[in-house]
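Q: Take a look at my_file-v7.cif, mmCIF, C-alpha atoms and all ligand atoms:
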data_input
loop_
_atom_site.label_atom_id
_atom_site.label_comp_id
_atom_site.auth_asym_id
_atom_site.auth_seq_id
_atom_site.Cartn_x
_atom_site.Cartn_y
_atom_site.Cartn_z
CA MET A 9 -54.53 22.85 -51.69
CA LYS A 10 -51.66 24.51 -49.86
CA THR A 11 -53.96 27.04 -48.23
CA LYS A 12 -56.16 24.15 -47.11
CA GLU A 13 -53.15 22.31 -45.65
CA MET A 14 -52.23 25.48 -43.79
CA ARG A 15 -55.75 25.86 -42.43
CA ASP A 16 -55.67 22.24 -41.27
CA ARG A 17 -52.42 22.91 -39.47
CA ALA A 18 -53.81 26.06 -37.84
CA THR A 19 -56.87 24.10 -36.74
CA GLU A 20 -54.71 21.33 -35.37
CA PHE A 21 -52.67 23.92 -33.46
CA ALA A 22 -55.70 25.67 -31.99
CA MET A 23 -57.14 22.34 -30.87
CA SER A 24 -53.92 21.44 -29.12
CA CYS A 25 -54.04 24.59 -26.99
CA ASP A 26 -55.23 24.24 -23.39
CA CYS A 27 -58.00 26.72 -24.17
CA ASP A 28 -59.51 24.00 -26.41
CA SER A 29 -60.97 26.71 -28.63
CA GLY A 30 -61.34 24.48 -31.68
CA PRO A 31 -61.12 25.64 -35.28
CA ARG A 32 -62.96 28.95 -34.82
CA MET A 33 -60.33 31.59 -34.15
CA THR A 34 -63.00 34.00 -32.89
CA ASP A 35 -63.48 31.70 -29.88
CA ALA A 36 -59.76 31.31 -29.26
CA CYS A 37 -57.99 32.40 -26.10
CA SER A 38 -55.87 35.55 -26.17
CA ARG A 39 -52.70 33.44 -26.47
CA CYS A 40 -54.02 31.64 -29.58
CA ARG A 41 -55.18 34.93 -31.09
CA GLU A 42 -51.79 36.53 -30.43
CA ILE A 43 -50.00 33.57 -32.02
CA ALA A 44 -52.35 33.75 -35.03
CA ARG A 45 -51.67 37.50 -35.32
CA MET A 46 -47.91 36.90 -35.18
CA LEU A 47 -48.16 34.12 -37.79
CA ALA A 48 -50.10 36.43 -40.10
CA GLU A 49 -47.45 39.13 -39.69
CA LEU A 50 -44.61 36.66 -40.34
CA ARG A 51 -46.41 35.37 -43.44
CA GLN A 52 -46.70 38.94 -44.70
CA ALA A 53 -43.00 39.54 -44.02
CA VAL A 54 -42.01 36.40 -45.92
CA GLY A 55 -44.42 37.31 -48.74
CA LEU A 56 -42.89 40.77 -48.96
CA ALA A 57 -39.34 39.36 -49.13
CA THR A 58 -40.32 36.92 -51.90
CA THR A 59 -41.08 39.90 -54.15
CA LEU A 60 -37.29 40.30 -54.45
CA LYS A 61 -37.21 37.08 -56.52
CA PRO A 62 -39.55 37.51 -59.50
CA ASP A 63 -39.70 33.80 -60.36
CA MET A 64 -40.32 32.76 -56.75
CA GLU A 65 -42.57 29.76 -56.36
CA ILE A 66 -44.72 30.29 -53.30
CA ASP A 67 -44.66 27.37 -50.88
CA VAL A 68 -46.52 28.50 -47.78
CA LEU A 69 -45.62 25.34 -45.88
CA HIS A 70 -41.88 25.99 -46.20
CA PRO A 71 -41.19 29.67 -45.44
CA LEU A 72 -37.58 29.04 -44.37
CA GLU A 73 -36.77 27.31 -47.66
CA MET A 74 -38.38 30.21 -49.54
CA MET A 75 -36.24 32.72 -47.60
CA GLN A 76 -33.11 30.67 -48.32
CA GLN A 77 -33.94 30.88 -52.04
CA VAL A 78 -34.50 34.64 -51.80
CA VAL A 79 -31.18 35.16 -49.98
CA ALA A 80 -29.31 33.00 -52.51
CA TYR A 81 -30.95 34.91 -55.38
CA VAL A 82 -30.16 38.36 -53.97
CA ALA A 83 -26.58 37.32 -53.08
CA ALA A 84 -26.04 36.10 -56.67
CA LYS A 85 -27.41 39.40 -58.04
CA ASP A 86 -25.14 41.32 -55.66
CA ALA A 87 -22.11 39.34 -56.84
CA GLU A 88 -23.12 39.97 -60.46
CA ILE A 89 -23.36 43.73 -59.84
CA ALA A 90 -19.95 43.75 -58.12
CA ARG A 91 -18.44 41.83 -61.06
CA LEU A 92 -19.97 44.25 -63.60
CA MET A 93 -18.66 47.26 -61.67
CA VAL A 94 -15.12 45.82 -61.64
CA GLU A 95 -15.40 45.15 -65.38
CA ARG A 96 -16.61 48.68 -66.03
CA GLU A 97 -13.67 50.18 -64.15
CA LYS A 98 -11.26 48.18 -66.30
CA LYS A 99 -12.58 49.87 -69.48
ZN ZN B 101 -55.79 28.93 -26.93
#
How does this structure look as C-alpha cells?
Ligand SMILES: [Zn+2]

A:
Amino acid sequence: MKTKEMRDRATEFAMSCDCDSGPRMTDACSRCREIARMLAELRQAVGLATTLKPDMEIDVLHPLEMMQQVVAYVAAKDAEIARLMVEREKK
C-alpha cells in the first residue's frame, strides 16, 4: 500500500519532468536518474536511523516525522542515562 503510494508519487514526479520520461526510470533523463539515486540514498539513511528506535513504525511517506520520533526517542534515552549516572554517583 505505502510502497505503491510511493511508486505513484515517483511516477508522478518523473512525468512532471521536462524530459517527459514517464514511469520507466530506465528511460529517464540524467537529472531524473540522479534525483532517484539521491532519493534512494536518503531513504536508506532514514531507514538506518530508524534502527535506533526498536518499536519504530515505518511510514515511508513521512520521513521527517519518523526522524523527529527517532530524535525524541534517543534524546529521552540520553536523559535517562544521565539521570541513572547521577543516581549511581549518589550511592
Ligand atoms: Zn527527467

Q: Considering only C-alpha atoms, can you say which of A:Arg96, A:Lys61, A:Arg91, A:Arg51 comes closest to A:Val79?

A: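 For A:Val79, the nearest of the given residues is A:Lys61.
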
Q: Using all atoms listed in the file, find all polymer residues with an atom at most 12 Å away from the point (-38.9, 30.1, -54.5); report them as a list in words.

A: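 The answer, in the requested form, is Val54, Gly55, Ala57, Thr58, Thr59, Leu60, Lys61, Pro62, Asp63, Met64, Glu65, Ile66, Asp67, Val68, Leu69, His70, Pro71, Leu72, Glu73, Met74, Met75, Gln76, Gln77, Val78, Val79, Ala80 and Tyr81 of chain A.
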
Q: Rounded to one decimal in Å, what is the spacing between atom CA of A:Cys37 and atom CA of A:Leu50?

A: 20.0 Å

Q: Between A:Ala48, A:Leu56, A:Ala36, A:Val94, single out the one closest to ligand ZN 101 (chain B), counting only C-alpha atoms and all ligand atoms.

A: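 The closest residue to ligand ZN 101 (chain B) is A:Ala36.
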
Q: Calculate how many Å separate atom CA of A:Lys98 from atom CA of A:Asp86, rounding to one decimal.

A: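 Computing it gives 18.8 Å between the two atoms.
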
Q: Edge lengths and centre in Å to one decimal, as lines of an AutoDock Vina configuration file, is what I'm after for the box along x, y and z that holds all listed atoms of stretch 34-51 of chain A once 8 Å is added on each side.

A:
center_x = -54.0
center_y = 35.2
center_z = -34.8
size_x = 34.9
size_y = 23.8
size_z = 33.3

Q: Would you mind reading off the distance between atom CA of A:Lys99 and atom CA of A:Ala87, one decimal, in Å?

A: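 Atom CA of A:Ala87 lies 19.0 Å from atom CA of A:Lys99.
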
Q: Which is closest to ligand ZN 101 (chain B) among A:Ala44, A:Leu92, A:Ala83, A:Cys27, if we use only C-alpha atoms and all ligand atoms?

A: A:Cys27
